[in-house]
Number of protein chains: 2
Amino acid sequence: MASSTTLKLSLFSVLTVLCFQVVVSVIQHPLDPLTKEEFLSVQTIVHNKYPTSKNKVAFHYIGLDDPDKDLVRRYESLPTLVNIPRKSFVIAIINGQSHEILINLRSKTITSDNVHKGYGFPILSVEEQGVAIELPLKYPPFIASIKKRGLNISEVVCSTFSMGWFGEEENIRTVRVDCFMKESSVNIYVRPISGLTIVVDLGTLKIVEYHDREIETVPTAEKTEYQVSKQSPPFGPKQHSLTIHQPQGPGFQINGNSVSWANWKFHIGFDVRAGIVISLASIYDLEKHKSRHVLYKGYISELFVPYQDPTEEFYFKTFFDSGEFGFGLSTVSLIPNRDCPSNAKFIDVYIHSDDGTPSLLKNAICVFEQYGNIMWRHTETGIPDEYIEESRTEVNLIVRTVVTVGNYDNVLDWEFKTSGSIKPSIALSGILEIKGTNIKHNDEIKEDIHGKLVSANSIGVYHDHFYMYYLDLDIDGTHNSFEKTSLKTVRITDGSSKRKSYWTTETQTAKTESDAKITIGYAPAELVVVNPNLKTAVGNHFGYRLIPAIPAHPLLSLDDYPQIRGAFTNYNVWVTPYNRTEKWAGGLYVDHSRGDDTLAVWTQQNRNIENQDIVLWHVVGIHHVPAQEDFPIMPLLTTSFELRPTNFFERNPVLNTLSPPDVAWPGCPK
Amino acid sequence: MASSTTLKLSLFSVLTVLCFQVVVSVIQHPLDPLTKEEFLSVQTIVHNKYPTSKNKVAFHYIGLDDPDKDLVRRYESLPTLVNIPRKSFVIAIINGQSHEILINLRSKTITSDNVHKGYGFPILSVEEQGVAIELPLKYPPFIASIKKRGLNISEVVCSTFSMGWFGEEENIRTVRVDCFMKESSVNIYVRPISGLTIVVDLGTLKIVEYHDREIETVPTAEKTEYQVSKQSPPFGPKQHSLTIHQPQGPGFQINGNSVSWANWKFHIGFDVRAGIVISLASIYDLEKHKSRHVLYKGYISELFVPYQDPTEEFYFKTFFDSGEFGFGLSTVSLIPNRDCPSNAKFIDVYIHSDDGTPSLLKNAICVFEQYGNIMWRHTETGIPDEYIEESRTEVNLIVRTVVTVGNYDNVLDWEFKTSGSIKPSIALSGILEIKGTNIKHNDEIKEDIHGKLVSANSIGVYHDHFYMYYLDLDIDGTHNSFEKTSLKTVRITDGSSKRKSYWTTETQTAKTESDAKITIGYAPAELVVVNPNLKTAVGNHFGYRLIPAIPAHPLLSLDDYPQIRGAFTNYNVWVTPYNRTEKWAGGLYVDHSRGDDTLAVWTQQNRNIENQDIVLWHVVGIHHVPAQEDFPIMPLLTTSFELRPTNFFERNPVLNTLSPPDVAWPGCPK
């Protein structure tokens, strides 16, 4: 009897452990964003060490600490057997100091707790910004300034703007506050109250600097409203409905945060700083009968938005929207049938407040299939007495999120194609940052206004948008190289051909980081991440090529403060050896940073990047000279790039892909 | 009684005339492509002058002679009162000479008939190419060459390739013929029979040169087939259906060849050389309550495809697909539900054979609406206690055609957006031109093979695609200027700002043609066609900006023969004063041309282009280093540019545009 009981007990234990394992591996992927429970754990653990009764504690970043890449790869192959402890990396400002706290979520213990000694500060919290914007409204000099301008203070709303660093010695966590009028229109950014300098110390949450410099007209609220409920006829033009239906349902499956669609599998993560993170993207190769790695991780590492007005009003506006405000914290809820089509599925995520409390952000991400048009086609009329035509249709998959930092809305898509291409795209919308002016007409302009007059009393200030994409491509394995294939003209001088010239290619493999700092556009070149250890049957290395959009190059001097902080834009393409700590192109602490921890600094080490785990960094840039059509809200301006398989497959990977079945609307003739 | 009869008679006459006018103006637009009857008229008229019993007559181009632009504009305003005589311009080779014949289709008379004295020849006719490709099959040396190679001559199919000009003195209309194997697979272009030089004189239709230079392996037919009926499992990945339905029907109306959609109106023309032509594109301005001119005429003027292999096999392959083969003649029938979605409408056109007989080309063009995603959006979280979100959805209109010249399929779209943008795009698909080789693996490569080994025995030869877009923008009128707004760095040295630098703009108006020859990418600039006589309320000139794709610049020497002929690619952007005769960037006669009639030559006149009717010429280029994925048929590679309103409107023109109504699938929950 005893042995039977022991047996049953053992069996029970084994089953319990197995069940636990199975349950754990079905429920949670090691790259899944932090759950509500995990956020609460972090909050409790940190508060246990630093009770709020005696300590001032504010959580400025709570995120999943990246698990070790090797472990994740092993998990990918054997999910039920590899168990990766979940950890959280936290940046909290505790009693005025930035603490980097690593927490083991399984043992619920603090693994390390180090105080940041260098320059710069973490992401500004939503809550402290909410307090800061209220300060002017009770500040007597501000009240007087408002009265002087004949404005109604109950209709004033303020907003925070990061200040950057301009050579000052002291390292104080300040923020600028600019104010706007909100009467008659919610479009506050086009109704600035100009001429005021308000600086708030975020540590003390007090105004520490105030100047009323000059008075400029506040632009009118007329015709600035964009809410349909507040707009009046005539409306137009009329758009006919175009409804999408998938009778077989969507072609993708989402299990937790893991997506499988057509020949792709990938994981959708989320982080309060990075926003959406695409990981473990693999494509199934029909010919090789296996899934092959393409992208280990991809996300936007930073967004640098420098304005080009050097006056007191605007000079400091040189934003780093991810490091200063958090792409994740700035992600908005997507509106069904508007931001995403009717066949989309939505994913909710958790973000956190500065006291560590998690809150649900609904519809943070949507996933949908889109009619992709033609996949490939050919009509052959060259064979006598035959007419051959073949055209295959494709459906693409889009993963979308929208990040709104103050005025601008960034619609960020990751598009997947069955042909193996990944096409990240950016579409800009939202509101221009307007500088108020007394000028109503171009004829009144006497000197450079550093922008375009987009409406009476409204200057759309010149600026740039530079998006830095972190792309850890693992082309069929981690050991990759970066190849630059230059296209070179060859002149024929020996009369060996009737041609006098042709172009050919010259491929160089980047050995160290300095070999891979690329300014796109000056000389034609193909940029390919290859696996130098694996080849196709005819001997080409497997690769994925970067096909960039038309580039924008930075125009600030290299030694200008914002450009030092944003030095990661000095080149359009960089390659680094994979380093788990190198995540944020502008540095870990971006607010008031001094540029000592950027991608440009790391790469000065000139490390080896040949035949090892490398990361591609790609800057997508837009120079923005505002136009009146951008006012009072901007129709989408789109740019995109492509990661395209290049000798990754033995041949066209969708040669044997059938068009989706034709479907008729019920009752309608086909 | 008499006066009553006279009155009735007069009334009857007036009514008849009016009815005739009404009937005429409803039926035919002055820019409509030639009708079947008009083609037959031309055929009859020319044959009357040159009876085929005594003359050798071949029609190499029959097209609508462009009506006078002023007349067309007047017609646009008063269609029932302006009557424009239809004329046809014909290039016929009559008894060995190229005749330019202008025919008045109303009076059915020849207005002029001039023999072309210069270099170059017209578009090759489909019929003569059909005869040329048969010649080798009966030519004893060729039969011997085939036998020597162990090939089956009944499985050989040949194709014609224009020869260009390489400095030879004589002006003979020859064409190269290359041959391919077609057994087991219709994919002939990847199965070339290499090492043969066959030259046919198109005048005599005889082989005038023949060399058997060397034997290279003909690549295998295995895995080259692309017809679904000939392919075998496994098929994959599986694509789920995505059906589109428009319960209100499409939002566009097509009357004849005139399209009205949302706030756009335009005319779709067709020409055997140009292919699709977009004309008279105007947009309705909700604020101004009127239709405003944007694009008078847009089409692809030439496509230059130079291959980069200087050997005997390939050196001459420097094609001008429009001028040598005719974009219109090369337009293929679109496949419903494959090339165009299920909600598309199709337009048929007429083309002609070399004896002037018209034939119907069904489904030459399709027009469809496409889900455009987000038009503009904003989420406002900056106003305390308020959460504002607004996102409007848009539907775009696409006009599509596919031009297949031999191996390559060019999917050409004209996309119209309610926000005022026109976005032409090119998507490449079809088959690579393969050069056969004995080489099976990269390791066997000893010298430059001028391409990439894409399969055993198959070199994908390096080449370029340069599309020249003719864009006669008339921004709210014909008198326009071209403005180049350079973005320039300004260094601050006087300590007036904490910034050390910023960028600002410097706008130059092009005065003469040499001011507007632009190489995109070397220095940042905005390129805008403006109306210098009209301004917005705040003083900005109405304009449309060109937002180009990443450019490709030519890499051949400027003095190389193909580059002389294709000198219109020396810059990405050119501007000329409108000139009715300047239509074809490579010249009127491109086959064997010597480059004396190109855009580059015309612009040497350095004519005035300020404040007058100007035309924008834009080269969209792709350098193509083939990859294995392009083989045996190429997944679409897309590039596009945008013509975007820039201070054309007083403000965002779709601010008051409502999203299309939501529609649920019958029986499906919303």
# chains A, B, ... in the order shown; residues from 1 in each chain; ligands from 1
>>> select_by_dssp(residues="range 301-341 of chain A", states="strand (DSSP E or B)", output="CSV table (one decimal) with C-alpha atoms, in the first residue's frame")
chain,number,residue,atom,x,y,z
A,301,SER,CA,14.7,52.6,-31.1
A,302,GLU,CA,14.3,56.4,-31.2
A,303,LEU,CA,12.5,59.2,-33.1
A,304,PHE,CA,14.5,62.5,-33.3
A,305,VAL,CA,12.4,65.5,-34.2
A,306,PRO,CA,14.6,68.6,-34.3
A,307,TYR,CA,12.9,71.9,-35.1
A,318,THR,CA,14.7,68.9,-30.5
A,319,PHE,CA,12.7,66.0,-29.3
A,320,PHE,CA,13.6,62.4,-28.8
A,331,THR,CA,0.6,54.6,-28.0
A,336,PRO,CA,-12.1,50.2,-35.1
A,340,CYS,CA,-7.9,49.6,-38.8
>>> residues_around(residues="Val601 in chain B", least_positions_apart="2", cutoff="12 Å", atoms="only C-alpha atoms", output="VMD selection string")
chain B and resid 513 to 514 564 to 568 570 574 576 582 585 to 587 594 to 599 603 to 607
>>> residues_around(residues="range 519-535 of chain B", least_positions_apart="4", cutoff="6 Å", atoms="only C-alpha atoms", output="NGL selection string")
:B and (475 or 480-487 or 539-546 or 571-572)
>>> closest_residue(among="B:Glu433, B:Glu38, B:Glu650, B:Asp613", to="Val538 in chain B", atoms="only C-alpha atoms")
B:Glu650
>>> closest_atom_pairs(of="range 187-232 of chain B", to="range 460-474 of chain B", cutoff="12 Å", atoms="only C-alpha atoms", output="Markdown table")
| residue | atom | partner | partner_atom | distance |
| --- | --- | --- | --- | --- |
| B:Tyr189 | CA | B:Gly460 | CA | 10.7 |
| B:Val190 | CA | B:Gly460 | CA | 9.0 |
| B:Arg191 | CA | B:Gly460 | CA | 11.7 |
| B:Pro192 | CA | B:Gly460 | CA | 11.7 |
>>> residues_around(residues="Leu105 in chain B", least_positions_apart="5", cutoff="10 Å", atoms="only C-alpha atoms", output="PyMOL selection string")
chain B and resi 37-39+41-42+45+64+85-88+110-111
>>> write_last_selection(atoms="all heavy atoms", output="short mmCIF file (atom, residue, chain, number, x, y, z; two decimals), in the first residue's frame")
data_model
loop_
_atom_site.label_atom_id
_atom_site.label_comp_id
_atom_site.auth_asym_id
_atom_site.auth_seq_id
_atom_site.Cartn_x
_atom_site.Cartn_y
_atom_site.Cartn_z
N GLU B 37 -13.72 52.87 -86.19
CA GLU B 37 -14.06 53.52 -87.45
C GLU B 37 -12.95 54.47 -87.90
O GLU B 37 -12.65 54.57 -89.08
CB GLU B 37 -15.37 54.32 -87.31
CG GLU B 37 -16.63 53.48 -87.11
CD GLU B 37 -16.65 52.74 -85.78
OE1 GLU B 37 -16.15 53.28 -84.76
OE2 GLU B 37 -17.17 51.60 -85.74
N GLU B 38 -12.37 55.17 -86.95
CA GLU B 38 -11.32 56.12 -87.30
C GLU B 38 -10.07 55.38 -87.80
O GLU B 38 -9.42 55.82 -88.75
CB GLU B 38 -10.99 57.01 -86.10
CG GLU B 38 -12.10 58.03 -85.84
CD GLU B 38 -11.94 58.79 -84.53
OE1 GLU B 38 -11.37 58.23 -83.57
OE2 GLU B 38 -12.40 59.95 -84.46
N PHE B 39 -9.75 54.26 -87.18
CA PHE B 39 -8.63 53.45 -87.67
C PHE B 39 -8.91 53.01 -89.11
O PHE B 39 -8.05 53.08 -89.99
CB PHE B 39 -8.41 52.21 -86.80
CG PHE B 39 -7.54 52.44 -85.59
CD1 PHE B 39 -8.05 52.34 -84.31
CD2 PHE B 39 -6.18 52.73 -85.74
CE1 PHE B 39 -7.24 52.55 -83.18
CE2 PHE B 39 -5.36 52.93 -84.62
CZ PHE B 39 -5.90 52.85 -83.34
N SER B 41 -10.81 54.40 -91.23
CA SER B 41 -10.71 55.59 -92.10
C SER B 41 -9.27 55.83 -92.51
O SER B 41 -8.96 56.05 -93.68
CB SER B 41 -11.19 56.83 -91.34
OG SER B 41 -12.53 57.09 -91.60
N VAL B 42 -8.40 55.80 -91.52
CA VAL B 42 -6.98 56.02 -91.79
C VAL B 42 -6.46 55.00 -92.80
O VAL B 42 -5.77 55.34 -93.77
CB VAL B 42 -6.17 55.94 -90.47
CG1 VAL B 42 -4.67 55.83 -90.76
CG2 VAL B 42 -6.46 57.14 -89.59
N ILE B 45 -7.81 55.82 -96.24
CA ILE B 45 -7.25 57.05 -96.78
C ILE B 45 -5.82 56.84 -97.25
O ILE B 45 -5.42 57.29 -98.34
CB ILE B 45 -7.33 58.19 -95.74
CG1 ILE B 45 -8.80 58.57 -95.49
CG2 ILE B 45 -6.50 59.39 -96.16
CD1 ILE B 45 -9.02 59.37 -94.22
N LEU B 64 -3.97 59.43 -82.32
CA LEU B 64 -4.68 60.69 -82.34
C LEU B 64 -3.64 61.80 -82.36
O LEU B 64 -2.70 61.79 -81.56
CB LEU B 64 -5.53 60.82 -81.08
CG LEU B 64 -6.29 62.14 -80.93
CD1 LEU B 64 -7.47 62.16 -81.90
CD2 LEU B 64 -6.77 62.33 -79.50
N PRO B 85 -11.80 69.41 -84.52
CA PRO B 85 -11.68 68.39 -85.56
C PRO B 85 -10.72 67.29 -85.12
O PRO B 85 -9.65 67.56 -84.55
CB PRO B 85 -11.09 69.16 -86.75
CG PRO B 85 -10.50 70.40 -86.18
CD PRO B 85 -11.25 70.71 -84.93
N ARG B 86 -11.11 66.07 -85.36
CA ARG B 86 -10.25 64.94 -85.01
C ARG B 86 -9.22 64.73 -86.12
O ARG B 86 -9.56 64.76 -87.30
CB ARG B 86 -11.09 63.66 -84.85
CG ARG B 86 -12.14 63.75 -83.77
CD ARG B 86 -11.63 63.25 -82.45
NE ARG B 86 -11.44 61.80 -82.42
CZ ARG B 86 -10.99 61.14 -81.35
NH1 ARG B 86 -10.68 61.80 -80.25
NH2 ARG B 86 -10.83 59.82 -81.39
N LYS B 87 -8.00 64.54 -85.70
CA LYS B 87 -6.94 64.28 -86.68
C LYS B 87 -6.15 63.07 -86.24
O LYS B 87 -6.05 62.77 -85.03
CB LYS B 87 -5.98 65.48 -86.76
CG LYS B 87 -6.61 66.75 -87.24
CD LYS B 87 -5.56 67.87 -87.29
CE LYS B 87 -6.23 69.23 -87.25
NZ LYS B 87 -5.29 70.29 -86.91
N SER B 88 -5.58 62.41 -87.19
CA SER B 88 -4.72 61.28 -86.87
C SER B 88 -3.33 61.54 -87.41
O SER B 88 -3.15 62.03 -88.53
CB SER B 88 -5.28 59.99 -87.46
OG SER B 88 -4.36 58.94 -87.25
N ILE B 110 -5.78 63.90 -96.44
CA ILE B 110 -4.42 63.97 -95.94
C ILE B 110 -4.00 65.43 -95.92
O ILE B 110 -3.99 66.09 -96.96
CB ILE B 110 -3.46 63.14 -96.82
CG1 ILE B 110 -3.78 61.65 -96.66
CG2 ILE B 110 -2.00 63.42 -96.45
CD1 ILE B 110 -2.95 60.73 -97.55
N THR B 111 -3.65 65.92 -94.74
CA THR B 111 -3.25 67.32 -94.59
C THR B 111 -1.79 67.51 -94.94
O THR B 111 -1.40 68.52 -95.51
CB THR B 111 -3.46 67.78 -93.14
OG1 THR B 111 -4.77 67.41 -92.71
CG2 THR B 111 -3.26 69.27 -93.00
#
>>> residues_around(residues="Glu216 in chain A", least_positions_apart="4", cutoff="7 Å", atoms="only C-alpha atoms", output="list in words")
Ser194, Gly195, Gly436, Thr437 and Asn438 of chain A
>>> decode(residues="range 184-210 of chain B", atoms="C-alpha atoms", output="CSV table (one decimal), in the first residue's frame")
chain,number,residue,atom,x,y,z
B,184,SER,CA,8.4,21.5,-71.1
B,185,SER,CA,8.0,25.1,-70.1
B,186,VAL,CA,6.5,28.2,-71.6
B,187,ASN,CA,9.1,30.2,-69.7
B,188,ILE,CA,11.3,30.8,-72.8
B,189,TYR,CA,13.3,33.7,-71.6
B,190,VAL,CA,15.1,31.6,-69.0
B,191,ARG,CA,16.1,29.1,-71.6
B,192,PRO,CA,18.2,31.0,-74.1
B,193,ILE,CA,20.2,29.3,-76.9
B,194,SER,CA,23.4,31.3,-76.4
B,195,GLY,CA,26.2,32.1,-78.7
B,196,LEU,CA,24.3,33.0,-81.9
B,197,THR,CA,24.2,36.3,-83.6
B,198,ILE,CA,21.3,36.6,-86.0
B,199,VAL,CA,20.5,39.9,-87.7
B,200,VAL,CA,17.4,40.4,-89.8
B,201,ASP,CA,16.8,43.3,-92.2
B,202,LEU,CA,13.3,44.3,-91.5
B,203,GLY,CA,13.0,45.9,-94.9
B,204,THR,CA,13.7,42.8,-96.8
B,205,LEU,CA,12.8,40.4,-94.0
B,206,LYS,CA,15.9,38.4,-94.6
B,207,ILE,CA,18.7,37.3,-92.4
B,208,VAL,CA,21.7,39.5,-93.3
B,209,GLU,CA,24.1,38.4,-90.6
B,210,TYR,CA,24.7,35.1,-88.9
